[in-house]
file input15.txt (compact mmCIF, C-alpha atoms)
# COMPACT_ATOMS: atom_id res chain seq x y z
CA MET C 1 0.00 0.00 0.00
CA SER C 2 1.44 3.35 -1.02
CA ASP C 3 2.03 6.19 1.39
CA PRO C 4 -0.33 8.53 -0.54
CA TRP C 5 -3.22 6.14 0.13
CA LEU C 6 -2.39 6.02 3.83
CA ALA C 7 -2.06 9.80 4.02
CA ARG C 8 -5.45 10.36 2.34
CA TRP C 9 -7.09 7.70 4.52
CA ALA C 10 -5.71 9.10 7.77
CA ALA C 11 -6.44 12.70 6.81
CA THR C 12 -10.07 11.84 6.04
CA LEU C 13 -10.52 9.92 9.29
CA VAL C 14 -8.98 12.64 11.45
CA GLY C 15 -10.28 15.69 9.61
CA TYR C 16 -13.73 14.52 8.49
CA SER C 17 -14.85 11.40 10.36
CA VAL C 18 -13.98 12.50 13.90
CA ALA C 19 -13.16 16.18 13.19
CA LEU C 20 -10.36 16.17 15.77
CA ARG C 21 -9.87 19.48 17.57
CA PRO C 22 -6.61 20.77 19.09
CA GLY C 23 -6.10 19.58 22.65
CA GLU C 24 -8.34 16.53 22.36
CA VAL C 25 -7.18 13.09 23.46
CA VAL C 26 -7.62 10.54 20.68
CA ALA C 27 -7.30 6.80 21.34
CA ILE C 28 -5.99 5.02 18.21
CA SER C 29 -6.62 1.31 18.55
CA GLY C 30 -6.08 -1.64 16.23
CA GLU C 31 -4.39 -4.95 15.59
CA THR C 32 -0.67 -4.83 14.83
CA ALA C 33 -1.28 -5.72 11.16
CA ALA C 34 -2.64 -2.18 10.76
CA GLU C 35 0.59 -0.58 12.00
CA PRO C 36 1.17 1.53 8.84
CA LEU C 37 -2.27 3.15 9.11
CA LEU C 38 -2.09 3.49 12.91
CA ARG C 39 1.21 5.38 12.56
CA GLU C 40 -0.21 7.67 9.87
CA ILE C 41 -3.33 8.46 11.93
CA ALA C 42 -1.14 9.36 14.90
CA ARG C 43 1.00 11.60 12.69
CA VAL C 44 -2.03 13.44 11.30
CA ALA C 45 -3.51 13.79 14.80
CA LEU C 46 -0.27 15.31 16.07
CA ALA C 47 -0.18 17.74 13.17
CA GLY C 48 -3.72 18.80 14.09
CA GLY C 49 -2.80 19.56 17.70
CA GLY C 50 -4.36 16.44 19.22
CA HIS C 51 -2.94 14.09 21.83
CA PRO C 52 -2.79 10.64 20.18
CA VAL C 53 -2.62 7.54 22.37
CA VAL C 54 -1.75 4.56 20.18
CA LEU C 55 -3.05 1.24 21.54
CA PRO C 56 -1.95 -1.69 19.33
CA THR C 57 -3.40 -5.12 20.14
CA LEU C 58 -2.01 -8.59 19.50
CA PRO C 59 -3.99 -10.82 17.13
CA ASP C 60 -4.35 -13.80 19.50
CA ALA C 61 -4.87 -11.98 22.81
CA ASP C 62 -8.63 -12.61 23.00
CA ALA C 63 -8.22 -16.29 22.12
CA ALA C 64 -5.68 -16.74 24.92
CA LEU C 65 -7.91 -14.99 27.46
CA LEU C 66 -10.94 -17.10 26.55
CA ALA C 67 -8.90 -20.30 26.66
CA LEU C 68 -6.89 -19.70 29.82
CA GLY C 69 -8.64 -17.02 31.88
CA ASP C 70 -10.71 -17.82 34.97
CA ASP C 71 -14.03 -16.11 35.68
CA ALA C 72 -12.39 -13.18 37.44
CA GLN C 73 -10.08 -12.63 34.48
CA LEU C 74 -12.95 -12.80 31.99
CA ASP C 75 -14.85 -10.20 34.02
CA PHE C 76 -11.84 -7.89 34.51
CA ILE C 77 -12.15 -4.50 32.80
CA SER C 78 -8.67 -3.32 31.87
CA PRO C 79 -7.66 0.31 32.44
CA ILE C 80 -7.28 0.63 28.66
CA GLU C 81 -10.89 -0.46 28.04
CA ALA C 82 -12.08 1.96 30.70
CA PHE C 83 -9.99 4.79 29.26
CA ILE C 84 -11.40 4.29 25.76
CA ALA C 85 -15.04 4.23 26.92
CA ARG C 86 -14.93 6.79 29.73
CA ASP C 87 -12.07 9.21 29.21
CA ALA C 88 -10.95 9.56 25.59
CA ASP C 89 -12.47 12.46 23.67
CA VAL C 90 -12.13 10.55 20.39
CA LEU C 91 -11.65 6.93 19.38
CA ILE C 92 -10.38 5.72 16.01
CA ARG C 93 -10.48 1.93 15.79
CA VAL C 94 -8.78 0.05 12.94
CA THR C 95 -9.72 -3.61 12.74
CA ALA C 96 -7.07 -5.72 11.00
CA LYS C 97 -7.64 -9.39 11.71
CA THR C 98 -5.16 -11.80 10.16
CA ASN C 99 -7.28 -14.84 11.11
CA THR C 100 -11.00 -14.13 11.32
CA HIS C 101 -11.64 -17.61 12.74
CA ALA C 102 -9.19 -17.36 15.64
CA LEU C 103 -12.05 -17.65 18.15
CA SER C 104 -13.83 -20.55 16.42
CA GLY C 105 -12.76 -22.97 19.16
CA ALA C 106 -13.67 -20.71 22.09
CA ASN C 107 -16.30 -21.83 24.57
CA PRO C 108 -19.50 -19.86 23.75
CA ALA C 109 -20.45 -19.61 27.43
CA ARG C 110 -17.11 -17.98 28.19
CA GLN C 111 -17.52 -15.60 25.25
CA GLN C 112 -20.92 -14.58 26.62
CA ARG C 113 -19.53 -14.04 30.10
CA HIS C 114 -16.76 -11.84 28.71
CA ALA C 115 -19.34 -9.82 26.73
CA ARG C 116 -21.80 -9.51 29.65
CA ALA C 117 -19.06 -8.12 31.87
CA ARG C 118 -18.75 -5.24 29.39
CA THR C 119 -22.45 -4.43 29.05
CA GLU C 120 -22.30 -1.44 31.40
CA LEU C 121 -19.06 -0.13 29.87
CA ARG C 122 -20.48 -0.48 26.35
CA GLY C 123 -23.60 1.36 27.45
CA GLU C 124 -21.50 4.15 28.93
CA GLY C 125 -19.59 4.52 25.67
CA MET C 126 -22.85 4.65 23.70
CA ARG C 127 -24.26 7.23 26.12
CA ARG C 128 -21.20 9.49 25.79
CA ALA C 129 -21.41 9.22 22.01
CA ALA C 130 -25.14 10.04 22.05
CA GLU C 131 -24.43 13.09 24.22
CA GLY C 132 -21.69 14.22 21.85
CA VAL C 133 -18.89 14.04 24.39
CA ARG C 134 -17.11 11.16 22.64
CA ARG C 135 -16.70 10.85 18.88
CA TRP C 136 -15.56 7.64 17.28
CA SER C 137 -14.85 6.01 13.95
CA LEU C 138 -14.30 2.39 12.96
CA THR C 139 -12.44 1.37 9.81
CA LEU C 140 -10.75 -1.79 8.54
CA PHE C 141 -7.30 -2.46 7.15
CA PRO C 142 -7.07 -4.81 4.13
CA THR C 143 -5.39 -7.89 5.58
CA ALA C 144 -4.95 -11.24 3.83
CA GLY C 145 -7.41 -12.71 6.32
CA PHE C 146 -10.18 -10.30 5.32
CA ALA C 147 -9.35 -10.80 1.64
CA MET C 148 -9.60 -14.60 1.94
CA ASP C 149 -13.03 -14.30 3.57
CA ALA C 150 -14.12 -12.21 0.60
CA ASN C 151 -12.61 -14.68 -1.91
CA MET C 152 -10.40 -11.91 -3.26
CA ALA C 153 -6.70 -11.29 -3.75
CA THR C 154 -5.35 -8.99 -1.05
CA ALA C 155 -4.50 -6.24 -3.57
CA ASP C 156 -7.97 -6.46 -5.11
CA PHE C 157 -9.58 -6.33 -1.67
CA ALA C 158 -7.53 -3.23 -0.84
CA GLU C 159 -8.80 -1.52 -4.00
CA PHE C 160 -12.33 -2.56 -3.05
CA ILE C 161 -11.89 -0.90 0.36
CA TYR C 162 -10.50 2.30 -1.16
CA THR C 163 -13.51 2.59 -3.46
CA ALA C 164 -16.01 1.80 -0.68
CA CYS C 165 -14.36 4.52 1.43
CA LYS C 166 -14.42 6.99 -1.52
CA LEU C 167 -10.66 7.34 -1.18
CA ASP C 168 -10.40 7.04 -4.98
CA THR C 169 -12.09 10.44 -5.37
CA PRO C 170 -10.21 13.77 -5.44
CA ASP C 171 -11.91 14.90 -2.21
CA PRO C 172 -13.23 11.98 -0.10
CA ALA C 173 -14.82 14.28 2.47
CA ALA C 174 -16.80 16.05 -0.26
CA ALA C 175 -17.98 12.70 -1.61
CA TRP C 176 -19.19 11.70 1.85
CA ARG C 177 -20.99 15.02 2.26
CA ALA C 178 -22.79 14.40 -1.03
CA LEU C 179 -23.97 10.99 0.20
CA SER C 180 -24.96 12.59 3.50
CA ALA C 181 -27.24 15.00 1.62
CA GLU C 182 -28.93 12.12 -0.23
CA GLN C 183 -29.42 10.21 3.01
CA ALA C 184 -30.84 13.32 4.65
CA ARG C 185 -33.44 13.43 1.85
CA LEU C 186 -34.48 9.82 2.60
CA ILE C 187 -34.63 10.55 6.33
CA ALA C 188 -36.78 13.63 5.74
CA TRP C 189 -39.31 11.39 3.98
CA LEU C 190 -39.22 8.80 6.80
CA GLU C 191 -39.57 11.24 9.69
CA GLY C 192 -42.92 11.10 11.44
CA ARG C 193 -43.90 7.78 9.89
CA ARG C 194 -44.77 4.80 12.01
CA GLU C 195 -44.79 1.29 10.56
CA ILE C 196 -42.31 -0.53 8.33
CA ARG C 197 -43.21 -3.75 6.53
CA LEU C 198 -40.75 -6.03 4.73
CA THR C 199 -41.85 -8.66 2.24
CA GLY C 200 -39.62 -10.89 0.18
CA PRO C 201 -38.37 -14.47 -0.11
CA ASP C 202 -39.23 -16.23 3.20
CA THR C 203 -39.83 -12.80 4.76
CA ASP C 204 -42.92 -10.96 5.94
CA MET C 205 -42.52 -8.82 9.03
CA ARG C 206 -43.64 -5.53 10.50
CA LEU C 207 -42.09 -3.22 13.07
CA SER C 208 -42.79 0.21 14.49
CA VAL C 209 -40.47 3.21 14.36
CA ALA C 210 -43.02 5.63 15.80
CA GLY C 211 -41.31 8.39 17.73
CA ARG C 212 -37.84 7.09 16.94
CA ILE C 213 -34.96 9.08 15.41
CA TRP C 214 -33.26 8.17 12.12
CA ILE C 215 -29.47 8.56 12.07
CA ASN C 216 -27.55 9.65 8.98
CA SER C 217 -24.43 7.44 8.93
CA ASP C 218 -22.24 9.25 6.45
CA GLY C 219 -18.64 8.13 6.87
CA LYS C 220 -18.13 9.36 10.41
CA ARG C 221 -18.69 6.54 12.92
CA ASN C 222 -18.15 3.83 10.32
CA PHE C 223 -15.62 4.19 7.51
CA PRO C 224 -16.80 3.16 5.02
CA SER C 225 -20.40 3.87 5.83
CA GLY C 226 -23.56 4.51 3.88
CA GLU C 227 -26.68 3.69 5.88
CA ILE C 228 -29.62 5.26 7.64
CA PHE C 229 -30.72 3.55 10.83
CA THR C 230 -32.99 3.79 13.83
CA GLY C 231 -34.02 1.81 16.91
CA PRO C 232 -37.34 -0.02 16.46
CA VAL C 233 -39.97 0.15 19.19
CA GLU C 234 -38.90 -2.75 21.38
CA ASP C 235 -42.18 -4.69 21.51
CA SER C 236 -43.25 -4.09 17.89
CA ALA C 237 -41.51 -6.62 15.61
CA THR C 238 -43.95 -9.26 14.36
CA GLY C 239 -43.61 -11.86 11.63
CA HIS C 240 -40.78 -13.87 10.13
CA VAL C 241 -37.56 -13.04 8.30
CA ARG C 242 -34.80 -14.94 6.56
CA PHE C 243 -31.36 -13.32 6.52
CA SER C 244 -29.74 -13.72 3.15
CA TYR C 245 -26.09 -13.83 4.18
CA PRO C 246 -24.24 -15.56 7.01
CA VAL C 247 -23.43 -13.72 10.22
CA VAL C 248 -19.72 -13.95 11.04
CA THR C 249 -19.14 -13.20 14.70
CA GLY C 250 -17.10 -14.56 17.58
CA GLY C 251 -14.99 -16.58 15.15
CA ARG C 252 -18.03 -18.46 13.82
CA GLU C 253 -20.17 -18.33 10.72
CA ILE C 254 -23.92 -18.70 11.34
CA ALA C 255 -25.65 -19.38 8.04
CA ASP C 256 -29.26 -19.22 6.82
CA ILE C 257 -30.65 -17.56 9.95
CA ARG C 258 -34.45 -17.55 10.16
CA LEU C 259 -36.25 -15.75 12.97
CA ARG C 260 -39.88 -15.41 13.98
CA PHE C 261 -40.95 -12.44 16.11
CA ALA C 262 -43.99 -11.90 18.30
CA ASP C 263 -44.50 -8.74 20.36
CA GLY C 264 -40.95 -7.67 19.55
CA ARG C 265 -39.28 -10.83 20.79
CA VAL C 266 -37.66 -13.71 18.89
CA VAL C 267 -39.85 -16.71 19.68
CA ASP C 268 -38.40 -19.14 17.15
CA ALA C 269 -34.93 -19.29 15.59
CA SER C 270 -33.03 -21.63 13.32
CA ALA C 271 -29.82 -21.72 11.30
CA ALA C 272 -28.36 -24.16 8.81
CA ARG C 273 -24.92 -23.82 10.42
CA ASN C 274 -23.97 -23.10 14.05
CA GLU C 275 -27.57 -23.03 15.22
CA GLU C 276 -26.53 -23.86 18.78
CA PHE C 277 -24.33 -20.77 18.89
CA LEU C 278 -27.25 -18.69 17.60
CA ILE C 279 -29.57 -19.96 20.34
CA ARG C 280 -26.93 -19.44 23.03
CA SER C 281 -26.45 -15.86 21.90
CA LEU C 282 -30.21 -15.21 21.91
CA ASP C 283 -30.27 -16.40 25.51
CA ALA C 284 -27.38 -14.15 26.58
CA ASP C 285 -29.79 -11.77 28.34
CA PRO C 286 -33.39 -10.51 27.95
CA GLY C 287 -32.45 -7.82 25.44
CA ALA C 288 -30.71 -10.25 23.06
CA ARG C 289 -34.03 -11.46 21.61
CA ARG C 290 -35.20 -7.94 20.69
CA LEU C 291 -34.13 -5.61 17.90
CA GLY C 292 -31.85 -2.72 18.77
CA GLU C 293 -31.40 -1.44 15.21
CA PHE C 294 -33.12 -1.34 11.83
CA ALA C 295 -31.31 0.12 8.83
CA PHE C 296 -31.18 0.67 5.07
CA GLY C 297 -27.85 0.28 3.23
CA THR C 298 -27.04 3.10 0.80
CA ASN C 299 -23.44 2.49 -0.33
CA PHE C 300 -23.74 1.28 -3.92
CA ASP C 301 -19.94 1.03 -4.22
CA ILE C 302 -20.11 -2.06 -2.00
CA THR C 303 -21.16 -4.51 -4.66
CA ARG C 304 -20.44 -7.94 -3.17
CA PHE C 305 -20.67 -9.90 0.07
CA THR C 306 -17.33 -10.07 1.90
CA LYS C 307 -18.21 -11.71 5.26
CA ASN C 308 -17.20 -8.44 6.92
CA ILE C 309 -20.21 -6.76 8.49
CA LEU C 310 -18.66 -3.29 8.44
CA LEU C 311 -18.83 -3.52 4.66
CA ASP C 312 -21.74 -5.86 4.02
CA GLU C 313 -24.39 -4.05 6.06
CA LYS C 314 -23.83 -0.93 3.93
CA MET C 315 -24.59 -2.63 0.57
CA GLY C 316 -26.91 -0.30 -1.32
CA GLY C 317 -30.47 -1.58 -1.53
CA THR C 318 -30.25 -4.02 1.38
CA VAL C 319 -31.78 -3.92 4.84
CA HIS C 320 -30.13 -4.98 8.06
CA MET C 321 -31.28 -5.43 11.62
CA ALA C 322 -29.36 -5.91 14.83
CA LEU C 323 -30.42 -8.07 17.73
CA GLY C 324 -29.41 -6.71 21.12
CA ALA C 325 -28.13 -3.33 22.22
CA GLY C 326 -29.65 -0.26 20.58
CA TYR C 327 -28.15 3.20 20.18
CA PRO C 328 -29.60 5.69 22.68
CA ASP C 329 -29.52 8.53 20.13
CA THR C 330 -32.16 6.68 18.08
CA GLY C 331 -34.49 6.48 21.07
CA SER C 332 -33.78 2.78 21.62
CA VAL C 333 -33.88 1.60 25.22
CA ASN C 334 -32.88 -2.00 24.48
CA ARG C 335 -29.85 -3.13 26.46
CA SER C 336 -27.86 -6.28 25.87
CA ALA C 337 -24.36 -7.75 25.86
CA ILE C 338 -24.71 -8.44 22.13
CA HIS C 339 -25.24 -6.34 19.02
CA TRP C 340 -25.63 -8.70 16.05
CA ASP C 341 -26.14 -7.17 12.61
CA MET C 342 -27.91 -9.41 10.08
CA ILE C 343 -28.53 -8.61 6.41
CA CYS C 344 -31.79 -9.15 4.54
CA ASP C 345 -31.14 -8.74 0.81
CA LEU C 346 -34.33 -7.52 -0.85
CA ARG C 347 -32.70 -6.62 -4.17
CA ARG C 348 -34.43 -9.49 -5.98
CA GLY C 349 -38.12 -9.70 -5.27
CA GLY C 350 -38.25 -7.61 -2.10
CA LEU C 351 -40.40 -4.68 -1.04
CA VAL C 352 -40.33 -2.31 1.92
CA THR C 353 -43.35 -0.16 2.61
CA VAL C 354 -43.61 2.60 5.20
CA ASP C 355 -47.12 3.31 6.45
CA GLY C 356 -48.28 1.47 3.35
CA ALA C 357 -46.30 3.60 0.87
CA PRO C 358 -43.57 1.90 -1.22
CA PHE C 359 -40.08 2.96 -0.10
CA LEU C 360 -37.68 0.30 -1.45
CA ARG C 361 -38.37 -2.20 -4.23
CA ASP C 362 -35.82 -4.68 -5.58
CA GLY C 363 -33.03 -2.63 -4.01
CA HIS C 364 -34.09 0.72 -5.47
CA PHE C 365 -35.34 3.63 -3.39
CA LEU C 366 -38.67 4.89 -4.71
CA VAL C 367 -39.10 8.25 -2.97
call {"tool": "encode", "arguments": {"input": "input15.txt", "output": "structure tokens"}}
result
Amino acid sequence: MSDPWLARWAATLVGYSVALRPGEVVAISGETAAEPLLREIARVALAGGGHPVVLPTLPDADAALLALGDDAQLDFISPIEAFIARDADVLIRVTAKTNTHALSGANPARQQRHARARTELRGEGMRRAAEGVRRWSLTLFPTAGFAMDANMATADFAEFIYTACKLDTPDPAAAWRALSAEQARLIAWLEGRREIRLTGPDTDMRLSVAGRIWINSDGKRNFPSGEIFTGPVEDSATGHVRFSYPVVTGGREIADIRLRFADGRVVDASAARNEEFLIRSLDADPGARRLGEFAFGTNFDITRFTKNILLDEKMGGTVHMALGAGYPDTGSVNRSAIHWDMICDLRRGGLVTVDGAPFLRDGHFLV
């Protein structure tokens, strides 16, 4: 990867995504494979008058903790975790996994315990973000591991990332502002409306967004981004849905997920692969069986499934939902140790109506 790419990437993250101000403390976190980008972000942050704190992580650290740690060690909140959630003004996280299946042998019960111990801390981070006292951005570095998941050569995957992030344009920030304006137009149409209905292959479900706030995700908190999302009314989801693509989480791939909702709660669930892990996750806590997020993908530069949710959930013309924790700034009050994004691809034979009016058909916005 050339230095000009890194410089443009870091400059866009620091100047546009988190809009770092002089004197602010910015935590820069990521796996060691992302070292070139981590260094460049720190350099740009210094040039902008910020106080960068670089926090590299080892690729197998979580696997070792889950394999060897006792209950007290699984529950332990490190000072670094607390600093990121409670003290840093800004967080830039660069995920750079070299083996996306490193946790495939971990005990699911221990993974859940580790996640539950961080529920309060995660909630505090979400609250600070909702209040505007902590800004954050998540991006991904093109590792061979990510490329293999996407069935792509590493160089081709890197080019795919650059395009998805609009780094191939003369002014990436301007390109993101243009998408932001288009998303604002969609949100303006959605505001004040109440019921969403999805119909498509093996899917017919309704949910309420009455009184909830739609968020314009325009390359700030996620990079790349391209989505508009909200928090559904917690007891409103009814019907059944089939998620078109596998969920890859916790080192496992859960394929062909089918859920049935009643009064907002998952009452029946199945998967063709790793169904036991799905059920265990749904039973993590009371909030895990309710939706914390509903979203439309708007990034039409993301043209293929990669098994990386940061990319896949943004695919233009798709819908995704997350079980578990919701974002307070949407009005969601759902709390959980999990936040599982799942994609429903309605680009072939799918329809979304809002209060009975067509909004998305076969992946095309109609308003």
call {"tool": "closest_residue", "arguments": {"input": "input15.txt", "among": "C:Asn222, C:Asn274, C:Thr169, C:Asn216", "to": "Ser17 (chain C)", "atoms": "all atoms listed in the file"}}
result
C:Asn222
call {"tool": "closest_atom_pairs", "arguments": {"input": "input15.txt", "of": "region 99-126 of chain C", "to": "region 146-152 of chain C", "cutoff": "10 Å", "atoms": "all atoms listed in the file", "output": "CSV"}}
result
residue,atom,partner,partner_atom,distance
C:Asn99,CA,C:Phe146,CA,7.9
C:Thr100,CA,C:Phe146,CA,7.2
C:His101,CA,C:Asp149,CA,9.8
call {"tool": "closest_residue", "arguments": {"input": "input15.txt", "among": "C:Ala155, C:Ala271, C:Val25, C:Ile228", "to": "Thr318 (chain C)", "atoms": "only C-alpha atoms"}}
result
C:Ile228
call {"tool": "closest_residue", "arguments": {"input": "input15.txt", "among": "C:Arg135, C:Lys220, C:Lys314, C:Arg118", "to": "Ala82 (chain C)", "atoms": "only C-alpha atoms"}}
result
C:Arg118
call {"tool": "closest_residue", "arguments": {"input": "input15.txt", "among": "C:Ser281, C:Phe141, C:Val133, C:Asp71", "to": "Tyr162 (chain C)", "atoms": "only C-alpha atoms"}}
result
C:Phe141
call {"tool": "residues_around", "arguments": {"input": "input15.txt", "residues": "region 246-263 of chain C", "least_positions_apart": "2", "cutoff": "7 Å", "atoms": "all atoms listed in the file", "output": "ChimeraX atom specification"}}
result
/C:100-104,235-244,265-275,307,342
call {"tool": "closest_atom_pairs", "arguments": {"input": "input15.txt", "of": "region 320-361 of chain C", "to": "region 190-206 of chain C", "cutoff": "10 Å", "atoms": "all atoms listed in the file", "output": "CSV"}}
result
residue,atom,partner,partner_atom,distance
C:Cys344,CA,C:Thr203,CA,8.8
C:Asp345,CA,C:Gly200,CA,8.8
C:Leu346,CA,C:Gly200,CA,6.4
C:Arg347,CA,C:Gly200,CA,9.2
C:Arg348,CA,C:Gly200,CA,8.2
C:Gly349,CA,C:Gly200,CA,5.8
C:Gly350,CA,C:Gly200,CA,4.2
C:Leu351,CA,C:Thr199,CA,5.4
C:Val352,CA,C:Leu198,CA,4.7
C:Thr353,CA,C:Arg197,CA,5.3
C:Val354,CA,C:Ile196,CA,4.6
C:Asp355,CA,C:Glu195,CA,5.1
C:Gly356,CA,C:Arg197,CA,7.9
C:Ala357,CA,C:Ile196,CA,9.4
C:Pro358,CA,C:Arg197,CA,9.6
C:Phe359,CA,C:Leu190,CA,9.1
C:Leu360,CA,C:Leu198,CA,9.4
C:Arg361,CA,C:Thr199,CA,9.8
call {"tool": "decode", "arguments": {"input": "input15.txt", "residues": "region 151-198 of chain C", "atoms": "C-alpha atoms", "output": "PDB file, in the first residue's frame"}}
result
ATOM      1  CA  ASN C 151     -12.612 -14.677  -1.911  1.00  0.00           C
ATOM      2  CA  MET C 152     -10.395 -11.913  -3.259  1.00  0.00           C
ATOM      3  CA  ALA C 153      -6.700 -11.294  -3.747  1.00  0.00           C
ATOM      4  CA  THR C 154      -5.349  -8.988  -1.051  1.00  0.00           C
ATOM      5  CA  ALA C 155      -4.495  -6.241  -3.567  1.00  0.00           C
ATOM      6  CA  ASP C 156      -7.972  -6.463  -5.112  1.00  0.00           C
ATOM      7  CA  PHE C 157      -9.578  -6.329  -1.670  1.00  0.00           C
ATOM      8  CA  ALA C 158      -7.526  -3.232  -0.837  1.00  0.00           C
ATOM      9  CA  GLU C 159      -8.797  -1.516  -3.998  1.00  0.00           C
ATOM     10  CA  PHE C 160     -12.328  -2.561  -3.053  1.00  0.00           C
ATOM     11  CA  ILE C 161     -11.890  -0.898   0.363  1.00  0.00           C
ATOM     12  CA  TYR C 162     -10.500   2.303  -1.161  1.00  0.00           C
ATOM     13  CA  THR C 163     -13.509   2.585  -3.464  1.00  0.00           C
ATOM     14  CA  ALA C 164     -16.012   1.802  -0.682  1.00  0.00           C
ATOM     15  CA  CYS C 165     -14.363   4.518   1.435  1.00  0.00           C
ATOM     16  CA  LYS C 166     -14.424   6.989  -1.515  1.00  0.00           C
ATOM     17  CA  LEU C 167     -10.658   7.342  -1.184  1.00  0.00           C
ATOM     18  CA  ASP C 168     -10.401   7.039  -4.976  1.00  0.00           C
ATOM     19  CA  THR C 169     -12.092  10.435  -5.371  1.00  0.00           C
ATOM     20  CA  PRO C 170     -10.210  13.766  -5.437  1.00  0.00           C
ATOM     21  CA  ASP C 171     -11.905  14.900  -2.209  1.00  0.00           C
ATOM     22  CA  PRO C 172     -13.233  11.981  -0.104  1.00  0.00           C
ATOM     23  CA  ALA C 173     -14.819  14.282   2.469  1.00  0.00           C
ATOM     24  CA  ALA C 174     -16.796  16.053  -0.257  1.00  0.00           C
ATOM     25  CA  ALA C 175     -17.978  12.699  -1.613  1.00  0.00           C
ATOM     26  CA  TRP C 176     -19.192  11.701   1.850  1.00  0.00           C
ATOM     27  CA  ARG C 177     -20.989  15.022   2.261  1.00  0.00           C
ATOM     28  CA  ALA C 178     -22.789  14.401  -1.026  1.00  0.00           C
ATOM     29  CA  LEU C 179     -23.969  10.986   0.201  1.00  0.00           C
ATOM     30  CA  SER C 180     -24.960  12.593   3.497  1.00  0.00           C
ATOM     31  CA  ALA C 181     -27.245  14.998   1.622  1.00  0.00           C
ATOM     32  CA  GLU C 182     -28.930  12.121  -0.234  1.00  0.00           C
ATOM     33  CA  GLN C 183     -29.416  10.206   3.009  1.00  0.00           C
ATOM     34  CA  ALA C 184     -30.841  13.319   4.647  1.00  0.00           C
ATOM     35  CA  ARG C 185     -33.443  13.427   1.852  1.00  0.00           C
ATOM     36  CA  LEU C 186     -34.481   9.825   2.599  1.00  0.00           C
ATOM     37  CA  ILE C 187     -34.626  10.549   6.331  1.00  0.00           C
ATOM     38  CA  ALA C 188     -36.783  13.628   5.739  1.00  0.00           C
ATOM     39  CA  TRP C 189     -39.308  11.392   3.979  1.00  0.00           C
ATOM     40  CA  LEU C 190     -39.219   8.804   6.803  1.00  0.00           C
ATOM     41  CA  GLU C 191     -39.573  11.242   9.695  1.00  0.00           C
ATOM     42  CA  GLY C 192     -42.917  11.105  11.442  1.00  0.00           C
ATOM     43  CA  ARG C 193     -43.895   7.782   9.892  1.00  0.00           C
ATOM     44  CA  ARG C 194     -44.774   4.802  12.010  1.00  0.00           C
ATOM     45  CA  GLU C 195     -44.786   1.289  10.558  1.00  0.00           C
ATOM     46  CA  ILE C 196     -42.312  -0.532   8.328  1.00  0.00           C
ATOM     47  CA  ARG C 197     -43.215  -3.748   6.531  1.00  0.00           C
ATOM     48  CA  LEU C 198     -40.747  -6.031   4.731  1.00  0.00           C
TER      49      LEU C 198
END
